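Heads up: the structure comes next, in structure tokens.
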Amino acid sequence: MRYAVRVGGRTVRLETSPEGRMLVEGRVVAHDVREIVPRRLWSVVVAGGSREVALLGGDPPRMQVDGVEVAVAVADERALAARRDRAAAAGGRHEVRAPMPGLLKAVHVSEGDVVERDAALATLEAMKMENELRAPARGTVQRVAARAGTKVESGALIAVLVDDAS
Amino acid sequence: MRYAVRVGGRTVRLETSPEGRMLVEGRVVAHDVREIVPRRLWSVVVAGGSREVALLGGDPPRMQVDGVEVAVAVADERALAARRDRAAAAGGRHEVRAPMPGLLKAVHVSEGDVVERDAALATLEAMKMENELRAPARGTVQRVAARAGTKVESGALIAVLVDDAS
Amino acid sequence: MFQKVLIANRGEIAVRVIRTCREMGIRTVAVYSDVDRTAMHVRLADEAFLIGTAPPGDSYLRIERIVATAKRTGCDAIHPGYGFLSENADFAQAVADAGIVFVGPPARVQRSLGSKTEARRIAASVGVPIAQGTMDPVTDVAEARGACERVGYPVLLKPAGGGGGKGMRIVRRAEELADAWRGATGEAQTAFGAPALLIERYIEHGRHVEMQILADQAGGVRWLGERDCSVQRRHQKLIEETPGPSVDEGLRARLAEAALRIASAAGYVNAGTCEFLVAPDGAFVFLEVNTRLQVEHPVTELVTGLDLVALQLRVAAGERIPFAQDELVRRGAAIECRVTAENARAGFLPAGGRIDLLRFPSGPGIRVDSALEPGTHVPDEYDPLVAKLVAHGRDRAEALARMRRALRETIVGGPPTTLPFHALVFDEPDFVAGRYDTGYVAEHWPLPEPELGEAQATAAAIAAVLAARAAAPRSAADPARSLWASAARAEAVE
Amino acid sequence: MFQKVLIANRGEIAVRVIRTCREMGIRTVAVYSDVDRTAMHVRLADEAFLIGTAPPGDSYLRIERIVATAKRTGCDAIHPGYGFLSENADFAQAVADAGIVFVGPPARVQRSLGSKTEARRIAASVGVPIAQGTMDPVTDVAEARGACERVGYPVLLKPAGGGGGKGMRIVRRAEELADAWRGATGEAQTAFGAPALLIERYIEHGRHVEMQILADQAGGVRWLGERDCSVQRRHQKLIEETPGPSVDEGLRARLAEAALRIASAAGYVNAGTCEFLVAPDGAFVFLEVNTRLQVEHPVTELVTGLDLVALQLRVAAGERIPFAQDELVRRGAAIECRVTAENARAGFLPAGGRIDLLRFPSGPGIRVDSALEPGTHVPDEYDPLVAKLVAHGRDRAEALARMRRALRETIVGGPPTTLPFHALVFDEPDFVAGRYDTGYVAEHWPLPEPELGEAQATAAAIAAVLAARAAAPRSAADPARSLWASAARAEAVE
């Protein structure tokens, strides 16, 4: 199976052979991987270099490599093509969701508004603080899905943006 | 079900009712028990008193109650009688076993020897140190089950003592 | 000394107070809300009592119930920690009325210094400089507009009724006032139950420097040194250190003198902190007094060798401060990182959740104050503090090096945290040089996403593939499953 | 300063050295035996290399392989930690011959001070008192008998070839000699590869007090204060503290002067420790020099504020000691508990096993040096150290109070440990008063099994019943299962 792993600003292409060997960028690499905490913490020794890799969780998932925290994503070769198709179809659509439960204090945009990247779309009060939900990209507000003054659950859809470019 | 728990120099008699209530020494006690680490660490609040109880392991098992380490044993009422019979039959017989793997450097007693409590029966070399295996009680050596100069596994029988009293 | 103390708080500060009580042979009573039944402070206390449900107003803010619990259990003192009721004069009064000692300044002091306008008046009356601004609370936006014009932009709006950075807004231009007013007054109402705001001239490139003081009932007052707490987001502190990198002996003496004057004028008793804003030229203005233990008190403890909680208890019990000012020896430098469950890369958005992977640092020069363990939930209802990591060294360079090393060892899995922020800051040249002010986070953050070296990326990729393959047939809750899910998005944006 | 250092050790001391290296920006190379692949020191180092199988002779004692690894990876220095090769002159020589800096005294010093007879001669030559006894190693029991008669009973047999308390025997009467000789010479052969013993007059009620020294290559020498390490079993330390409770300024000065004289006479370089036995009247004799970092160095670090590993690296790199003797400020008191996987109630019998429940203390004044995590196996092949718990306070009373509190928070499940010993000692009146000597453990241990209060016993019983019921249908490995099994024995002895 072939994989493309996006991590820490790099894309690493890996291949596992049926015999269990691991090829990195097409070359066999002597690696010794031990699971310290099941599916969460590993010790990886590659050519003498010792790395501690922790899967922290989150979505998108984050990893910590020798104390440095970075985002990570894994795709296998069959998924890659299929996903690229779907992604292209959905491309340019951004759903802004509540990152935690709270009270939606205010919605600052209406449908049809054009907003800059990082513009405040709504204010969510949670954990005794007001948090601005911001636009992930410049675009047009296609839909406002929640009303000010209502309680929202974690993951609730607040607004849909469409990239101007698309 | 009724239980007798021997812990920290006391015997506590407990009874669990089918409805899940717990009686201590015949009285209903308001207790709130939470498992912090499954089957190893509990928070027990009884009448406002907050106790942390850890099961450390070992054989006989040891518990730690608010930082104080004590031995613990649980018997249920049916087992109590049966075990008392068996215990009486086996009573006075002590098996001295290797507490860890190592090299049996010397055996200091022969069958038929009468030894005092704490007398050295054998010397086990393990973890770079010589450790004396001592008599758990005064008694007669009924059997020597291992030879000096041999490697022994953890739990291997070294000698059997019989109480003089029995 | 007291026989039994009730701790009217939760989390790491409740554990902190219990630790010192245990060391002093004082029995402890914990109180808890229903979501905190298994919390560390409940388990480490000698007694523990449920006082309500999760929302603070239904538990940790219930004055009557807390005082009744203390009376019923025979407590002779109550320690309020920080936050919750720690600066509530009514609470201090109710405790005293019940014949119990409040471990903190008495209600009289809380009342005068708790009012920011009164605190400003006291400071001004003893010649301590205060920021230009309104002396009385403002509740009307039109009135505010006039005040802003008089004071001159930029101005700072801050709730008259409470501290801790909540509800503060900087306004640089008149046209920003309406929005800022609405946000600030709303948060002030939510956090402190009062919409009134104060308006102050905002000092650009100011440093938030505070002076720890301690006063006994016999009139003895000492200063214990300053802390620079300028590294803030949303006016809330992320990093605190002592000595302040910009504070020389002269400035320290002037800050100490100002703090002692205010303390004397207010008839201060117990531990407290005078907050100042220091301009780049060394001029400073008084901001407010925090009439309680600060979150960041450990840095002062490490450098002075004192136990501030023990001293709070001693002076509350009527003892005199057991050292003279000139006996105080400050050794080295100490720095604290407040690690909170906030998404540093998403505007420090708070994020509760279950801590499912946890490793704290240890070894030379490192202290960790935390109430969390693997499996603990960070509840949505309370401050999302995960741990205070504190490093002490012979000088600032050694303290920073130790913190950098400690951050490398720290792993917090589950909710996002401020650790990526902390890790990057300790390699950021301005911070390392001590060149920072309250604008630091806004100016430097987000730092660029770190790039991994090739070897590190390879190691991470190998682990990620193993995790994703192992997770495929497992439960949806397995964090490794999201490795796949996220790939679609990663491809979509490539 | 060095660019890359190989650490020729494992466990907490390897982690300790890696921490300081990381703080100093020095890259680290770990070596490990096959059972240590997942150990903390392997994971925290920048590079890690397998050097053999578990028995020390096949891995951590393989001089050639370790030196070759350092050369191949471009290390400019090797830190030996304590134990293993740390006092091996051949290793120090091999490292130097490979053009690598050995972080410790050079082979020349190791050779002279490593020989106890030579060390005694050096001490005597500069007027430092030594115990009456044999100046040359004895290998024959008949010869030993004569020496014992001359020296006078009680005598101490100790291996001529090594330290650390292994193979030592006290002989109080002539008829005990044969047995003691056999045991001591056998252990000396096993531990140090040489059966020869020294015979010394044994000082009853002596205290084991040692003086930390530090010497640079330019001839600068400093003393950093004493440690009392009298609380021992099998001549191995269980508790160490500084200041020594029986050491006054005068004795401290005399011990320091003796240590500095020996260091100068031996041409000492790097960190080292002079061990003395102090009689009840304050008279002392020199025992030996430990030519390496001591296990108990953290207590000295806490009180002096120094990083001894950093200083070792600095003087090894040719730097001068960065402070004068009179600049050294000792603050407060510090005490260390060595928690080991030994069954304190069964004669401190070592017991390896899997640590399956672990909570370390933290908070004010507490430092933990450990390489263990939940799930770690304590291997049979190495010292069974679980953790060094270290407490620092403004005075001995505060340090003791903090340790007592820290011990209450500590949980180690799996193998038996010394924690019950430590917990009881800190409430034992003689120890609390500082009245103890090397006979302390034998005289006071075993302390009686603690009795629980009624409320504690009830809570424990409830948890035990729940655990036993839950365990019944589960795996045989579940520790709760033994709750039932043990009941039979408990009943049998009732």
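Identifiers for the structure tokens are assigned positionally: chains receive A, B, ... in sequence, residues are indexed from 1 per chain, and ligands are indexed from 1 in the order shown.
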
Based on only C-alpha atoms, which of the residues in chain C come within 8 Å of chain D? I want them as a ChimeraX atom specification. /C:16,19,22-24,44,298,305-307,362-370,393-394,398,401-402,404-405,409

Generate the output file for the selected residues, N, CA, C and O atoms, as an mmCIF file, in the first residue's frame.
data_model
loop_
_atom_site.group_PDB
_atom_site.id
_atom_site.type_symbol
_atom_site.label_atom_id
_atom_site.label_comp_id
_atom_site.auth_asym_id
_atom_site.auth_seq_id
_atom_site.Cartn_x
_atom_site.Cartn_y
_atom_site.Cartn_z
ATOM 1 N N ARG C 16 -3.128 23.267 45.477
ATOM 2 C CA ARG C 16 -1.991 24.051 46.000
ATOM 3 C C ARG C 16 -2.189 24.388 47.474
ATOM 4 O O ARG C 16 -1.266 24.252 48.293
ATOM 5 N N ARG C 19 -1.992 21.325 49.732
ATOM 6 C CA ARG C 19 -0.616 20.871 49.953
ATOM 7 C C ARG C 19 0.026 21.609 51.124
ATOM 8 O O ARG C 19 0.621 20.996 52.013
ATOM 9 N N ARG C 22 -1.521 20.610 54.468
ATOM 10 C CA ARG C 22 -1.042 19.313 54.923
ATOM 11 C C ARG C 22 0.360 19.441 55.514
ATOM 12 O O ARG C 22 0.673 18.846 56.542
ATOM 13 N N GLU C 23 1.190 20.243 54.870
ATOM 14 C CA GLU C 23 2.547 20.430 55.382
ATOM 15 C C GLU C 23 2.532 21.112 56.752
ATOM 16 O O GLU C 23 3.412 20.897 57.572
ATOM 17 N N MET C 24 1.522 21.941 56.993
ATOM 18 C CA MET C 24 1.429 22.655 58.265
ATOM 19 C C MET C 24 0.622 21.879 59.305
ATOM 20 O O MET C 24 0.395 22.386 60.406
ATOM 21 N N LEU C 44 -7.580 14.749 47.594
ATOM 22 C CA LEU C 44 -6.456 15.049 48.486
ATOM 23 C C LEU C 44 -6.902 15.695 49.796
ATOM 24 O O LEU C 44 -6.133 15.743 50.759
ATOM 25 N N PRO C 298 3.724 31.215 41.977
ATOM 26 C CA PRO C 298 4.887 30.321 42.102
ATOM 27 C C PRO C 298 6.214 30.946 41.679
ATOM 28 O O PRO C 298 7.264 30.607 42.245
ATOM 29 N N GLY C 305 12.103 31.725 47.824
ATOM 30 C CA GLY C 305 12.150 30.584 48.739
ATOM 31 C C GLY C 305 11.008 30.582 49.738
ATOM 32 O O GLY C 305 10.994 29.776 50.666
ATOM 33 N N LEU C 306 10.032 31.473 49.575
ATOM 34 C CA LEU C 306 8.899 31.561 50.507
ATOM 35 C C LEU C 306 7.738 30.692 50.039
ATOM 36 O O LEU C 306 7.628 30.367 48.858
ATOM 37 N N ASP C 307 6.862 30.327 50.982
ATOM 38 C CA ASP C 307 5.607 29.655 50.663
ATOM 39 C C ASP C 307 4.509 30.686 50.909
ATOM 40 O O ASP C 307 4.146 30.974 52.052
ATOM 41 N N SER C 362 9.710 17.018 34.585
ATOM 42 C CA SER C 362 10.201 17.082 35.966
ATOM 43 C C SER C 362 11.704 17.297 35.925
ATOM 44 O O SER C 362 12.242 17.719 34.917
ATOM 45 N N GLY C 363 12.377 17.052 37.046
ATOM 46 C CA GLY C 363 13.824 17.234 37.086
ATOM 47 C C GLY C 363 14.220 18.609 37.574
ATOM 48 O O GLY C 363 13.387 19.370 38.052
ATOM 49 N N PRO C 364 15.524 18.936 37.430
ATOM 50 C CA PRO C 364 16.073 20.146 38.041
ATOM 51 C C PRO C 364 15.353 21.426 37.629
ATOM 52 O O PRO C 364 15.153 21.672 36.441
ATOM 53 N N GLY C 365 14.972 22.232 38.622
ATOM 54 C CA GLY C 365 14.458 23.568 38.349
ATOM 55 C C GLY C 365 13.044 23.621 37.829
ATOM 56 O O GLY C 365 12.578 24.697 37.447
ATOM 57 N N ILE C 366 12.329 22.518 37.790
ATOM 58 C CA ILE C 366 10.975 22.507 37.212
ATOM 59 C C ILE C 366 9.948 22.219 38.293
ATOM 60 O O ILE C 366 10.086 21.272 39.066
ATOM 61 N N ARG C 367 8.925 23.029 38.350
ATOM 62 C CA ARG C 367 7.791 22.801 39.240
ATOM 63 C C ARG C 367 6.530 22.781 38.388
ATOM 64 O O ARG C 367 6.371 23.604 37.493
ATOM 65 N N VAL C 368 5.657 21.827 38.671
ATOM 66 C CA VAL C 368 4.389 21.743 37.946
ATOM 67 C C VAL C 368 3.260 21.847 38.962
ATOM 68 O O VAL C 368 3.207 21.075 39.916
ATOM 69 N N ASP C 369 2.385 22.815 38.797
ATOM 70 C CA ASP C 369 1.180 22.919 39.618
ATOM 71 C C ASP C 369 -0.005 22.584 38.722
ATOM 72 O O ASP C 369 -0.295 23.314 37.768
ATOM 73 N N SER C 370 -0.659 21.481 39.009
ATOM 74 C CA SER C 370 -1.764 21.033 38.177
ATOM 75 C C SER C 370 -2.671 20.146 38.997
ATOM 76 O O SER C 370 -2.253 19.554 39.985
ATOM 77 N N GLY C 393 15.906 29.211 37.535
ATOM 78 C CA GLY C 393 17.315 29.061 37.183
ATOM 79 C C GLY C 393 18.144 30.108 37.885
ATOM 80 O O GLY C 393 17.615 31.026 38.510
ATOM 81 N N ARG C 394 19.463 29.988 37.760
ATOM 82 C CA ARG C 394 20.347 30.970 38.404
ATOM 83 C C ARG C 394 20.199 32.341 37.770
ATOM 84 O O ARG C 394 20.493 33.355 38.391
ATOM 85 N N GLU C 398 19.130 30.648 32.213
ATOM 86 C CA GLU C 398 18.971 29.276 32.672
ATOM 87 C C GLU C 398 17.494 28.929 32.872
ATOM 88 O O GLU C 398 17.058 27.819 32.552
ATOM 89 N N ALA C 401 16.099 28.273 29.459
ATOM 90 C CA ALA C 401 16.591 26.998 28.927
ATOM 91 C C ALA C 401 15.865 25.829 29.578
ATOM 92 O O ALA C 401 15.509 24.847 28.913
ATOM 93 N N ARG C 402 15.630 25.947 30.881
ATOM 94 C CA ARG C 402 14.927 24.873 31.568
ATOM 95 C C ARG C 402 13.477 24.784 31.112
ATOM 96 O O ARG C 402 12.930 23.685 30.953
ATOM 97 N N ARG C 404 12.336 25.670 28.169
ATOM 98 C CA ARG C 404 12.367 25.123 26.799
ATOM 99 C C ARG C 404 12.491 23.599 26.871
ATOM 100 O O ARG C 404 11.794 22.864 26.173
ATOM 101 N N ARG C 405 13.361 23.138 27.735
ATOM 102 C CA ARG C 405 13.553 21.697 27.916
ATOM 103 C C ARG C 405 12.284 21.054 28.478
ATOM 104 O O ARG C 405 11.853 19.976 28.022
ATOM 105 N N GLU C 409 9.402 18.075 26.953
ATOM 106 C CA GLU C 409 9.000 16.839 27.620
ATOM 107 C C GLU C 409 7.492 16.739 27.830
ATOM 108 O O GLU C 409 6.981 15.662 28.126
#

Give me, as an MDAnalysis selection string, the residues of chain D touching chain B, with the criterion being at most 7 Å (counting only C-alpha atoms). chainID D and resid 191 349 351 380:383 407:409 412:416 420 450:452 456:461 463:465 467 479:480 482:484 486:488 490:492

Excluding region 95-104 of chain D and residues on its chain fewer than 5 positions from it, collect all residues at most 9 Å away from it, counting only C-alpha atoms, and give them as a ChimeraX atom specification. /D:63,67-68,70-71,75-81,86-87,90,110,269-272,291-293,312-313,315-317

Mind dumping the selected residues with N, CA and C atoms as a PDB file, in the first residue's frame?
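Output file part-v7.pdb is given in full below:
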ATOM      1  N   ILE D  63      33.251  -1.249  27.161  1.00  0.00           N
ATOM      2  CA  ILE D  63      34.042  -0.041  26.912  1.00  0.00           C
ATOM      3  C   ILE D  63      34.259   0.215  25.425  1.00  0.00           C
ATOM      4  N   VAL D  67      32.853   3.452  23.307  1.00  0.00           N
ATOM      5  CA  VAL D  67      33.780   4.436  22.759  1.00  0.00           C
ATOM      6  C   VAL D  67      33.647   4.493  21.233  1.00  0.00           C
ATOM      7  N   ALA D  68      33.488   3.320  20.612  1.00  0.00           N
ATOM      8  CA  ALA D  68      33.341   3.290  19.151  1.00  0.00           C
ATOM      9  C   ALA D  68      32.071   4.033  18.729  1.00  0.00           C
ATOM     10  N   ALA D  70      30.640   6.501  20.314  1.00  0.00           N
ATOM     11  CA  ALA D  70      30.891   7.937  20.476  1.00  0.00           C
ATOM     12  C   ALA D  70      31.703   8.483  19.314  1.00  0.00           C
ATOM     13  N   LYS D  71      32.704   7.727  18.885  1.00  0.00           N
ATOM     14  CA  LYS D  71      33.536   8.182  17.760  1.00  0.00           C
ATOM     15  C   LYS D  71      32.724   8.262  16.471  1.00  0.00           C
ATOM     16  N   CYS D  75      30.772  12.368  18.763  1.00  0.00           N
ATOM     17  CA  CYS D  75      30.673  12.963  20.097  1.00  0.00           C
ATOM     18  C   CYS D  75      32.017  13.544  20.504  1.00  0.00           C
ATOM     19  N   ASP D  76      31.984  14.691  21.189  1.00  0.00           N
ATOM     20  CA  ASP D  76      33.235  15.219  21.710  1.00  0.00           C
ATOM     21  C   ASP D  76      33.397  14.976  23.200  1.00  0.00           C
ATOM     22  N   ALA D  77      32.385  14.354  23.839  1.00  0.00           N
ATOM     23  CA  ALA D  77      32.527  14.031  25.258  1.00  0.00           C
ATOM     24  C   ALA D  77      31.630  12.845  25.603  1.00  0.00           C
ATOM     25  N   ILE D  78      31.970  12.164  26.698  1.00  0.00           N
ATOM     26  CA  ILE D  78      31.157  11.067  27.226  1.00  0.00           C
ATOM     27  C   ILE D  78      30.901  11.335  28.704  1.00  0.00           C
ATOM     28  N   HIS D  79      29.625  11.315  29.091  1.00  0.00           N
ATOM     29  CA  HIS D  79      29.283  11.433  30.508  1.00  0.00           C
ATOM     30  C   HIS D  79      28.930  10.032  31.007  1.00  0.00           C
ATOM     31  N   PRO D  80      29.587   9.588  32.099  1.00  0.00           N
ATOM     32  CA  PRO D  80      29.363   8.206  32.538  1.00  0.00           C
ATOM     33  C   PRO D  80      28.247   8.033  33.558  1.00  0.00           C
ATOM     34  N   GLY D  81      27.620   9.132  34.033  1.00  0.00           N
ATOM     35  CA  GLY D  81      26.603   8.988  35.079  1.00  0.00           C
ATOM     36  C   GLY D  81      27.222   8.480  36.363  1.00  0.00           C
ATOM     37  N   SER D  86      31.444   4.527  35.576  1.00  0.00           N
ATOM     38  CA  SER D  86      31.759   5.892  36.024  1.00  0.00           C
ATOM     39  C   SER D  86      33.049   5.969  36.831  1.00  0.00           C
ATOM     40  N   GLU D  87      33.443   4.878  37.493  1.00  0.00           N
ATOM     41  CA  GLU D  87      34.672   4.927  38.281  1.00  0.00           C
ATOM     42  C   GLU D  87      35.714   3.946  37.742  1.00  0.00           C
ATOM     43  N   ASP D  90      40.086   2.375  33.352  1.00  0.00           N
ATOM     44  CA  ASP D  90      40.344   1.914  31.987  1.00  0.00           C
ATOM     45  C   ASP D  90      39.409   2.593  30.999  1.00  0.00           C
ATOM     46  N   GLN D 110      41.347   8.500  38.838  1.00  0.00           N
ATOM     47  CA  GLN D 110      40.479   7.353  39.100  1.00  0.00           C
ATOM     48  C   GLN D 110      41.299   6.185  39.639  1.00  0.00           C
ATOM     49  N   VAL D 269      40.113  16.551  39.527  1.00  0.00           N
ATOM     50  CA  VAL D 269      39.428  17.391  38.539  1.00  0.00           C
ATOM     51  C   VAL D 269      37.992  16.884  38.414  1.00  0.00           C
ATOM     52  N   ASN D 270      37.052  17.791  38.233  1.00  0.00           N
ATOM     53  CA  ASN D 270      35.624  17.514  38.063  1.00  0.00           C
ATOM     54  C   ASN D 270      34.924  17.337  39.421  1.00  0.00           C
ATOM     55  N   ALA D 271      33.672  16.871  39.397  1.00  0.00           N
ATOM     56  CA  ALA D 271      32.897  16.728  40.638  1.00  0.00           C
ATOM     57  C   ALA D 271      33.289  15.442  41.339  1.00  0.00           C
ATOM     58  N   GLY D 272      33.258  15.473  42.657  1.00  0.00           N
ATOM     59  CA  GLY D 272      33.579  14.280  43.424  1.00  0.00           C
ATOM     60  C   GLY D 272      33.067  14.423  44.838  1.00  0.00           C
ATOM     61  N   THR D 291      34.545   9.110  42.802  1.00  0.00           N
ATOM     62  CA  THR D 291      35.079   9.934  41.707  1.00  0.00           C
ATOM     63  C   THR D 291      34.058  10.079  40.585  1.00  0.00           C
ATOM     64  N   ARG D 292      32.880  10.588  40.942  1.00  0.00           N
ATOM     65  CA  ARG D 292      31.773  10.690  39.979  1.00  0.00           C
ATOM     66  C   ARG D 292      30.665  11.507  40.623  1.00  0.00           C
ATOM     67  N   LEU D 293      29.608  11.722  39.859  1.00  0.00           N
ATOM     68  CA  LEU D 293      28.386  12.326  40.384  1.00  0.00           C
ATOM     69  C   LEU D 293      27.733  11.313  41.324  1.00  0.00           C
ATOM     70  N   GLN D 312      29.893  19.976  35.796  1.00  0.00           N
ATOM     71  CA  GLN D 312      30.772  18.888  35.335  1.00  0.00           C
ATOM     72  C   GLN D 312      31.172  19.092  33.882  1.00  0.00           C
ATOM     73  N   LEU D 313      30.162  19.441  33.055  1.00  0.00           N
ATOM     74  CA  LEU D 313      30.443  19.632  31.628  1.00  0.00           C
ATOM     75  C   LEU D 313      31.351  20.842  31.421  1.00  0.00           C
ATOM     76  N   VAL D 315      33.624  22.240  33.521  1.00  0.00           N
ATOM     77  CA  VAL D 315      35.035  22.045  33.878  1.00  0.00           C
ATOM     78  C   VAL D 315      35.676  20.995  32.964  1.00  0.00           C
ATOM     79  N   ALA D 316      34.875  20.030  32.497  1.00  0.00           N
ATOM     80  CA  ALA D 316      35.433  19.045  31.556  1.00  0.00           C
ATOM     81  C   ALA D 316      35.835  19.721  30.248  1.00  0.00           C
ATOM     82  N   ALA D 317      35.097  20.779  29.880  1.00  0.00           N
ATOM     83  CA  ALA D 317      35.404  21.498  28.638  1.00  0.00           C
ATOM     84  C   ALA D 317      36.508  22.526  28.840  1.00  0.00           C
TER      85      ALA D 317
END

I need the residues in region 217-458 of chain D that are strand (DSSP E) according to DSSP; give them as a VMD selection string. chain D and resid 221 to 233 236 to 242 270 to 278 284 to 290 333 to 340 342 to 343 349 to 350 353 to 354 357 to 359 366 to 369 377 to 378 385 to 393 411 to 413

Give me the residues near region 108-117 of chain A as a list in words, where near means some atom within 12 Å (using only C-alpha atoms) and where sequence neighbours in that chain fewer than 5 positions away do not count. His94, Ala122, Thr123, Leu124, Glu132, Leu133, Arg134, Ala135, Pro136, Ala137, Arg138, Gly139, Thr140, Val141, Gln142, Arg143, Val144, Ala145, Ala146, Arg147, Ala148, Ile158, Ala159, Val160, Leu161, Val162, Asp163 and Asp164 of chain A; Asp179 of chain C

Neighbouring residues of Ala256 (chain C) were defined as those with any atom within 9 Å, considering only C-alpha atoms; residues of the same chain fewer than 2 positions away were excluded. Please report them as a PyMOL selection string. chain C and resi 211-213+222-226+251-254+258-261

Distance query Phe84 (chain C) at most 7 Å, only C-alpha atoms, self and fewer than 2 positions along chain excluded, as an mmCIF file with N, CA, C and O atoms, in the first residue's frame:
data_model
loop_
_atom_site.group_PDB
_atom_site.id
_atom_site.type_symbol
_atom_site.label_atom_id
_atom_site.label_comp_id
_atom_site.auth_asym_id
_atom_site.auth_seq_id
_atom_site.Cartn_x
_atom_site.Cartn_y
_atom_site.Cartn_z
ATOM 1 N N TYR C 60 -19.638 26.998 43.320
ATOM 2 C CA TYR C 60 -18.468 27.670 43.889
ATOM 3 C C TYR C 60 -18.717 29.141 44.238
ATOM 4 O O TYR C 60 -17.873 29.775 44.868
ATOM 5 N N LEU C 61 -19.866 29.677 43.826
ATOM 6 C CA LEU C 61 -20.186 31.066 44.184
ATOM 7 C C LEU C 61 -21.288 31.136 45.244
ATOM 8 O O LEU C 61 -21.770 32.223 45.560
ATOM 9 N N TYR C 82 -7.971 31.770 44.098
ATOM 10 C CA TYR C 82 -8.151 32.953 43.229
ATOM 11 C C TYR C 82 -9.399 32.730 42.399
ATOM 12 O O TYR C 82 -9.879 31.599 42.258
ATOM 13 N N SER C 86 -12.896 34.970 45.664
ATOM 14 C CA SER C 86 -11.691 35.448 46.339
ATOM 15 C C SER C 86 -11.661 36.962 46.506
ATOM 16 O O SER C 86 -11.015 37.466 47.415
#

Run DSSP on the backbone and tell me which residues of region 41-156 of chain A come out as helix (DSSP H, G or I); list them as a VMD selection string. chain A and resid 77 to 90

Please, what distance in Å, to one decimal, runs between CA of Ala266 (chain D) and CA of Ala218 (chain D)?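 One can read the CA of Ala266 (chain D) to CA of Ala218 (chain D) distance as 14.1 Å.
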
Quick one: residues within 6 Å of Ala156 (chain B), only C-alpha atoms, excluding same-chain residues fewer than 2 positions away - as a list in words?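 With the cut-off at 6 Å, the set is Arg97, Ala98, Glu153 and Ser154 of chain B.
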
Can you measure CA of Cys274 (chain D) to CA of Leu287 (chain D) for me? One decimal in Å is fine.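 Going from CA of Cys274 (chain D) over to CA of Leu287 (chain D) covers 7.5 Å.
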
Just how far from CA of Ala423 (chain D) is CA of Ala279 (chain D), in Å to one decimal?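 Calculated distance between CA of Ala279 (chain D) and CA of Ala423 (chain D) is 27.6 Å.
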